[in-house]
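S.K.: This one is protein-v5.tsv, TSV, C-alpha atoms.
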chain	number	residue	atom	x	y	z
A	1	MET	CA	-4.32	-2.88	-5.07
A	2	LYS	CA	-7.03	-3.41	-2.44
A	3	ASN	CA	-4.64	-3.74	0.46
A	4	LYS	CA	-2.80	-0.59	-0.68
A	5	ILE	CA	-6.04	1.38	-0.81
A	6	LEU	CA	-6.81	0.25	2.73
A	7	LEU	CA	-3.32	1.19	3.89
A	8	ALA	CA	-3.59	4.58	2.25
A	9	ALA	CA	-6.90	5.26	3.97
A	10	ILE	CA	-5.57	4.34	7.41
A	11	ILE	CA	-2.29	6.22	7.15
A	12	VAL	CA	-3.71	9.38	5.59
A	13	MET	CA	-6.43	9.62	8.24
A	14	LEU	CA	-3.88	9.39	11.01
A	15	THR	CA	-2.32	12.70	10.00
A	16	ALA	CA	-5.12	14.42	11.91
A	17	CYS	CA	-4.03	13.03	15.26
A	18	GLY	CA	-1.50	15.66	16.25
A	19	SER	CA	1.73	17.50	15.68
A	20	ARG	CA	5.13	16.17	16.62
A	21	LYS	CA	5.85	18.97	19.08
A	22	GLN	CA	2.57	18.48	20.88
A	23	MET	CA	2.92	14.73	21.19
A	24	THR	CA	6.44	14.62	22.60
A	25	GLY	CA	6.39	16.21	26.00
A	26	GLU	CA	4.71	19.64	25.98
A	27	PRO	CA	2.64	20.29	29.10
A	28	VAL	CA	-1.00	19.31	28.76
A	29	THR	CA	-2.43	21.17	31.73
A	30	ASP	CA	-2.52	24.70	30.29
A	31	ALA	CA	-5.17	24.24	27.66
A	32	HIS	CA	-8.80	25.00	28.40
A	33	PRO	CA	-11.04	26.06	25.54
A	34	SER	CA	-13.41	28.83	26.47
A	35	GLY	CA	-17.16	28.47	26.45
A	36	THR	CA	-18.05	26.19	29.34
A	37	PRO	CA	-21.33	27.50	30.79
A	38	ALA	CA	-20.81	29.13	34.17
A	39	ALA	CA	-23.90	27.33	35.45
A	40	THR	CA	-22.07	24.00	35.21
A	41	SER	CA	-20.11	23.59	38.42
A	42	ALA	CA	-16.59	22.26	38.55
A	43	ALA	CA	-17.86	19.35	40.63
A	44	ALA	CA	-20.48	18.46	38.02
A	45	ARG	CA	-17.90	18.60	35.22
A	46	THR	CA	-15.49	16.40	37.16
A	47	ALA	CA	-18.22	13.89	38.00
A	48	TYR	CA	-19.22	13.71	34.32
A	49	LEU	CA	-15.62	13.12	33.21
A	50	ARG	CA	-15.21	10.43	35.84
A	51	HIS	CA	-18.29	8.67	34.50
A	52	VAL	CA	-16.96	8.85	30.92
A	53	THR	CA	-13.51	7.49	31.78
A	54	GLY	CA	-14.98	4.93	34.18
A	55	ASN	CA	-17.27	3.60	31.47
A	56	ALA	CA	-14.41	2.76	29.10
A	57	VAL	CA	-13.55	-0.85	28.32
A	58	THR	CA	-11.23	-2.34	30.95
A	59	THR	CA	-10.23	-5.61	29.28
A	60	GLU	CA	-6.61	-6.11	28.25
A	61	ASN	CA	-7.63	-7.58	24.89
A	62	ILE	CA	-10.20	-6.89	22.20
A	63	VAL	CA	-10.55	-9.35	19.32
A	64	ALA	CA	-13.19	-9.25	16.62
A	65	GLY	CA	-14.01	-10.22	13.08
A	66	MET	CA	-14.00	-7.17	10.86
A	67	SER	CA	-15.94	-6.24	7.76
A	68	PHE	CA	-14.83	-2.91	6.36
A	69	SER	CA	-15.45	-0.65	3.44
A	70	VAL	CA	-13.14	2.12	2.28
A	71	LYS	CA	-13.88	4.95	-0.10
A	72	THR	CA	-11.28	7.48	-1.22
A	73	GLY	CA	-11.92	9.59	-4.28
A	74	SER	CA	-13.23	7.33	-7.04
A	75	LYS	CA	-11.73	4.21	-5.45
A	76	SER	CA	-13.57	1.96	-3.06
A	77	LEU	CA	-13.43	-1.55	-1.68
A	78	SER	CA	-15.09	-3.87	0.76
A	79	ALA	CA	-13.33	-6.80	2.37
A	80	PRO	CA	-13.36	-8.97	5.48
A	81	GLY	CA	-10.62	-9.01	8.08
A	82	LYS	CA	-9.80	-9.15	11.76
A	83	LEU	CA	-9.05	-6.62	14.49
A	84	SER	CA	-6.82	-7.69	17.40
A	85	MET	CA	-5.72	-5.30	20.14
A	86	ARG	CA	-3.81	-5.74	23.38
A	87	ARG	CA	-3.71	-2.72	25.64
A	88	GLY	CA	-0.33	-1.00	25.68
A	89	GLU	CA	1.14	-3.49	23.20
A	90	ILE	CA	-0.44	-3.68	19.77
A	91	ILE	CA	-3.20	-2.71	17.35
A	92	ARG	CA	-3.37	-5.25	14.51
A	93	LEU	CA	-5.57	-5.09	11.42
A	94	GLN	CA	-5.60	-8.06	9.08
A	95	VAL	CA	-7.08	-8.09	5.58
A	96	THR	CA	-8.31	-11.47	4.37
A	97	VAL	CA	-9.64	-13.03	1.19
A	98	PRO	CA	-13.45	-13.42	1.21
A	99	ILE	CA	-14.66	-16.96	1.94
A	100	LEU	CA	-11.14	-18.45	1.93
A	101	GLY	CA	-10.05	-16.32	4.90
A	102	SER	CA	-6.35	-16.30	4.05
A	103	GLU	CA	-4.48	-13.13	4.98
A	104	VAL	CA	-3.35	-10.78	2.21
A	105	ALA	CA	-2.16	-7.81	4.28
A	106	ARG	CA	-1.35	-6.93	7.88
A	107	ILE	CA	-0.92	-3.56	9.57
A	108	GLU	CA	0.43	-3.34	13.11
A	109	PHE	CA	0.96	-0.41	15.43
A	110	THR	CA	3.03	-0.98	18.57
A	111	PRO	CA	4.55	1.51	21.03
A	112	THR	CA	7.88	1.29	19.20
A	113	HIS	CA	7.16	0.68	15.53
A	114	VAL	CA	4.78	0.34	12.60
A	115	LEU	CA	4.72	-2.87	10.58
A	116	VAL	CA	3.06	-3.23	7.19
A	117	VAL	CA	3.08	-6.66	5.53
A	118	ASP	CA	2.05	-7.32	1.93
A	119	ARG	CA	1.44	-11.07	1.84
A	120	LEU	CA	0.71	-11.13	-1.89
A	121	HIS	CA	4.07	-9.74	-2.92
A	122	LYS	CA	6.08	-10.94	0.11
A	123	GLU	CA	7.14	-7.41	1.05
A	124	TYR	CA	7.09	-5.47	4.30
A	125	VAL	CA	7.95	-2.22	6.05
A	126	LYS	CA	9.02	-2.09	9.69
A	127	ALA	CA	10.04	1.28	11.07
A	128	ALA	CA	9.99	3.40	14.21
A	129	TYR	CA	7.54	6.30	14.18
A	130	ASN	CA	10.39	8.82	14.19
A	131	ASP	CA	11.95	7.09	11.20
A	132	LEU	CA	8.89	7.84	9.11
A	133	ASP	CA	8.82	11.55	8.42
A	134	PHE	CA	5.21	11.31	7.32
A	135	LEU	CA	4.13	10.01	10.73
A	136	ALA	CA	6.69	11.79	12.92
A	137	ASP	CA	6.01	15.24	11.48
A	138	ASN	CA	2.32	14.80	12.25
A	139	GLY	CA	2.86	13.54	15.79
A	140	ILE	CA	1.42	10.09	15.28
A	141	ASP	CA	2.20	7.72	18.12
A	142	PHE	CA	0.77	4.46	19.38
A	143	TYR	CA	-1.15	5.96	22.29
A	144	ALA	CA	-3.10	8.43	20.16
A	145	LEU	CA	-4.20	5.53	17.95
A	146	GLN	CA	-4.98	3.31	20.91
A	147	ASP	CA	-7.36	5.83	22.44
A	148	LEU	CA	-9.21	6.23	19.15
A	149	PHE	CA	-9.50	2.50	18.53
A	150	TRP	CA	-10.41	1.79	22.16
A	151	ASN	CA	-13.09	4.52	22.33
A	152	GLN	CA	-11.36	6.57	25.06
A	153	LEU	CA	-10.44	10.16	25.84
A	154	HIS	CA	-6.92	11.21	24.85
A	155	LEU	CA	-4.35	13.76	25.97
A	156	PRO	CA	-1.29	14.34	23.75
A	157	GLY	CA	1.87	13.04	25.36
A	158	LYS	CA	-0.03	10.78	27.77
A	159	GLU	CA	-0.18	7.00	27.65
A	160	THR	CA	-3.41	6.98	29.67
A	161	VAL	CA	-5.79	9.57	31.10
A	162	THR	CA	-5.67	9.44	34.88
A	163	GLU	CA	-7.80	11.05	37.58
A	164	LYS	CA	-5.40	13.98	37.94
A	165	ASP	CA	-5.55	14.59	34.16
A	166	LEU	CA	-9.30	15.27	34.16
A	167	ALA	CA	-8.72	18.94	34.99
A	168	ALA	CA	-7.11	19.38	31.56
A	169	PHE	CA	-10.45	18.83	29.81
A	170	ASP	CA	-13.28	21.28	29.41
A	171	ALA	CA	-16.61	19.49	29.83
A	172	ASP	CA	-20.26	20.42	29.59
A	173	PRO	CA	-22.41	17.60	30.96
A	174	THR	CA	-25.60	19.44	29.97
A	175	GLN	CA	-24.52	19.13	26.32
A	176	ALA	CA	-22.79	15.74	26.77
A	177	ALA	CA	-19.64	17.32	25.33
A	178	ILE	CA	-15.93	17.36	26.15
A	179	ALA	CA	-13.20	19.50	24.58
A	180	TYR	CA	-9.47	20.01	24.74
A	181	HIS	CA	-7.44	22.66	22.93
A	182	HIS	CA	-3.70	22.96	22.61
A	183	GLY	CA	-1.75	24.95	20.05
A	184	LYS	CA	-3.05	24.13	16.60
A	185	MET	CA	-5.08	21.17	17.81
A	186	ASP	CA	-8.73	20.97	18.78
A	187	TYR	CA	-10.14	17.78	20.28
A	188	GLN	CA	-13.88	17.33	20.77
A	189	TRP	CA	-15.89	14.39	22.04
A	190	THR	CA	-19.61	13.90	22.43
A	191	THR	CA	-21.15	11.22	24.60
A	192	THR	CA	-24.48	9.59	25.16
A	193	ALA	CA	-26.68	11.50	27.58
A	194	SER	CA	-27.07	8.98	30.40
A	195	ASP	CA	-25.84	8.14	33.88
A	196	MET	CA	-23.21	5.93	32.20
A	197	PRO	CA	-22.08	8.07	29.25
A	198	GLN	CA	-20.19	6.48	26.39
A	199	ILE	CA	-18.19	8.33	23.74
A	200	ASN	CA	-20.12	8.32	20.48
A	201	THR	CA	-18.02	10.84	18.52
A	202	ALA	CA	-14.36	11.90	18.59
A	203	GLU	CA	-13.24	14.76	16.36
A	204	VAL	CA	-9.69	16.03	15.97
A	205	THR	CA	-8.93	19.17	13.97
A	206	TYR	CA	-5.44	20.39	13.08
A	207	ARG	CA	-5.07	23.95	11.76
A	208	ALA	CA	-1.70	24.53	10.13
A	209	SER	CA	0.04	27.91	10.13
A	210	LYS	CA	-0.51	28.26	6.37
A	211	GLY	CA	-4.28	28.08	6.75
A	212	SER	CA	-4.81	24.45	5.82
A	213	THR	CA	-7.11	22.29	7.95
A	214	SER	CA	-7.30	18.54	8.53
A	215	THR	CA	-10.19	16.95	10.40
A	216	LEU	CA	-10.63	13.39	11.61
A	217	ARG	CA	-14.09	12.35	12.78
A	218	TRP	CA	-14.57	8.96	14.43
A	219	GLN	CA	-18.16	7.90	15.16
A	220	TYR	CA	-19.01	4.96	17.41
A	221	GLY	CA	-22.24	3.01	17.71
A	222	ASN	CA	-23.98	-0.27	18.60
A	223	PHE	CA	-22.16	-0.99	21.85
A	224	LYS	CA	-21.78	-4.65	22.77
A	225	ALA	CA	-20.54	-6.25	25.97
A	226	VAL	CA	-16.89	-7.19	26.27
A	227	GLY	CA	-15.73	-8.07	29.75
A	228	SER	CA	-17.69	-5.94	32.22
A	229	LYS	CA	-18.05	-2.95	29.86
A	230	ALA	CA	-19.28	-2.26	26.33
A	231	TYR	CA	-17.44	-1.58	23.07
A	232	PRO	CA	-18.76	-0.09	19.79
A	233	VAL	CA	-18.98	-2.68	17.02
A	234	GLN	CA	-19.95	-0.04	14.46
A	235	GLN	CA	-17.34	2.61	13.70
A	236	GLN	CA	-17.38	5.19	10.94
A	237	ILE	CA	-14.18	7.14	10.28
A	238	THR	CA	-14.04	10.21	8.08
A	239	PHE	CA	-10.94	12.20	7.21
A	240	ALA	CA	-10.84	15.44	5.23
A	241	THR	CA	-7.88	17.72	4.49
A	242	ASN	CA	-6.91	20.56	2.22
A	243	ALA	CA	-3.26	20.35	3.28
A	244	THR	CA	-2.31	18.09	0.36
A	245	ALA	CA	-1.78	19.00	-3.29
A	246	LYS	CA	-5.43	18.23	-3.84
A	247	PRO	CA	-8.12	18.07	-1.14
A	248	ARG	CA	-8.75	14.57	0.17
A	249	HIS	CA	-11.83	12.95	1.66
A	250	ILE	CA	-11.69	9.39	2.94
A	251	GLU	CA	-14.43	7.31	4.52
A	252	VAL	CA	-13.98	4.02	6.35
A	253	ASP	CA	-16.76	1.90	7.82
A	254	LEU	CA	-15.90	-0.87	10.29
A	255	GLN	CA	-18.43	-3.50	11.28
A	256	LEU	CA	-17.15	-5.82	13.99
A	257	SER	CA	-18.48	-9.24	14.90
A	258	SER	CA	-17.76	-12.05	17.36
A	259	LEU	CA	-16.40	-9.52	19.86
A	260	SER	CA	-14.35	-11.05	22.68
A	261	ASP	CA	-11.58	-10.41	25.20
A	262	ASN	CA	-9.65	-13.48	24.09
A	263	SER	CA	-6.02	-13.36	25.26
A	264	LYS	CA	-4.77	-16.51	23.56
A	265	TRP	CA	-2.98	-14.95	20.62
A	266	ASP	CA	0.58	-13.92	19.90
A	267	THR	CA	1.47	-10.25	19.49
A	268	GLN	CA	4.70	-11.09	17.64
A	269	THR	CA	4.74	-11.27	13.83
A	270	THR	CA	7.58	-13.35	12.41
A	271	LEU	CA	8.33	-13.19	8.69
A	272	SER	CA	10.28	-15.75	6.73
A	273	ALA	CA	13.34	-14.98	4.63
A	274	LYS	CA	11.05	-14.90	1.58
A	275	TYR	CA	9.80	-11.47	2.65
A	276	LYS	CA	11.78	-8.49	1.38
A	277	PRO	CA	11.94	-5.10	3.12
A	278	MET	CA	10.60	-2.09	1.30
A	279	ASN	CA	11.74	1.52	1.59
A	280	ALA	CA	9.20	3.07	3.94
A	281	GLU	CA	9.22	6.62	2.61
A	282	ALA	CA	9.03	5.45	-0.99
A	283	LEU	CA	6.07	3.25	-0.12
A	284	LEU	CA	4.18	6.03	1.65
A	285	LYS	CA	4.81	8.48	-1.18
A	286	LYS	CA	3.58	5.92	-3.68
A	287	ILE	CA	0.47	5.25	-1.65
A	288	LEU	CA	-0.35	8.91	-1.13
A	289	ALA	CA	0.06	9.57	-4.85
A	290	MET	CA	-2.70	7.08	-5.68
Output the structure of this file as structure tokens.
M.R.:
Amino acid sequence: MKNKILLAAIIVMLTACGSRKQMTGEPVTDAHPSGTPAATSAAARTAYLRHVTGNAVTTENIVAGMSFSVKTGSKSLSAPGKLSMRRGEIIRLQVTVPILGSEVARIEFTPTHVLVVDRLHKEYVKAAYNDLDFLADNGIDFYALQDLFWNQLHLPGKETVTEKDLAAFDADPTQAAIAYHHGKMDYQWTTTASDMPQINTAEVTYRASKGSTSTLRWQYGNFKAVGSKAYPVQQQITFATNATAKPRHIEVDLQLSSLSDNSKWDTQTTLSAKYKPMNAEALLKKILAM
């Protein structure tokens, strides 16, 4: 049950990350939210954005021990685990048994597929994003997740934010704030107010045509050195939506430890013949009905 509650929390929160149309090739240069103070020059805004993107972690790997707590409705859990990420390749979350350390569940996001492994019952799901209506209809792709987990700015449809992409953002360095609006999506980031600003909050809001709203808020804190930059070892994730049959509110707290840029680990997960595939849509429906 615990690993399914964790899976439900992660998957449900991800519905706030976008819409399928916006994440699959629409232009991203025509969206500037209004409200940037005229007193803030274009040069100042660009310099601020350069500082924010330049202050992001540059290592190819992030590996850390993970202590997490999840609360959704009346259900909650706390458990240890591990977070392993390799830029452009994989985001892996492992759930382990306290003290013993043996793995009970694994969730992987790669550019091509999602893998969910239930070690207790020897079951798994492996599917492309477009094969999962729940994810595809909400525009969830690997690069949106990577930017959230790696504490970086994000543009829908982009694998990375480059220098030429900075003009797509609306920034107010006096308020340490960045915004991006496109269609039904609103992205907002706040940063620390310093010469080397770091993202401390990312908020994504999706407003559906029928009036429902989903909001994902990702807060970052307690930055620790990894490579030549710093990464937040405290992360609080909150998701709220009224788009489901009943309103949902989910909270996840991640506390990371033993942070490193270790590259000596395998990104491939191989399962023995003992593991049986599950129907992905049936699994997601079951989880979301919890």
S.K.: Quote the spacing between atom CA of A:Tyr124 and atom CA of A:Gly101 in Å to one decimal place.
M.R.: 20.3 Å
S.K.: Could you pull the residues within 7 Å of A:His113, counting all atoms listed in the file, minus those fewer than 3 positions along the same chain, as a compact mmCIF listing (two decimals) with C-alpha atoms, keeping the file's coordinate frame?
M.R.:
# COMPACT_ATOMS: atom_id res chain seq x y z
CA PHE A 109 0.96 -0.41 15.43
CA THR A 110 3.03 -0.98 18.57
CA LYS A 126 9.02 -2.09 9.69
CA ALA A 127 10.04 1.28 11.07
CA ALA A 128 9.99 3.40 14.21
CA TYR A 129 7.54 6.30 14.18
S.K.: Name all residues at most 9 Å from A:Ser84 (count only C-alpha atoms; drop same-chain ones fewer than 5 positions away) and give them as a list in words.
M.R.: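 The filter keeps Asn61, Ile62, Val63, Ala64, Gly65, Ile90, Ile91, Arg92, Leu93, Gln94, Trp265 and Thr267 of chain A.
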S.K.: I'd like the neighbourhood of stretch 142-149 of chain A as a ChimeraX atom specification, where a residue qualifies if any of its atoms comes within 6 Å (using only C-alpha atoms), though same-chain residues fewer than 5 positions away should be ignored.
M.R.: /A:110-111,154,159
S.K.: Go through A:Pro173, A:Gly227, A:Pro197, A:Pro232 one by one, measure the shortest atom-to-atom distance of each to A:Ser41 using all atoms listed in the file, and give the residue with the smallest value.
M.R.: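 Looking only at the distances to A:Ser41, the closest residue turns out to be A:Pro173.
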S.K.: Using only C-alpha atoms, can you tell me which of A:Tyr180, A:Tyr187, A:Trp218, A:Phe68 comes closest to A:Thr96?
M.R.: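 Nearest to A:Thr96: A:Phe68.
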S.K.: Can you tell me, as an NGL selection string, what residues are no more than 6 Å from stretch 210-216 of chain A when counting only C-alpha atoms, ignoring any on the same chain fewer than 2 positions away?
M.R.: :A and (16 or 203-208 or 238-243)
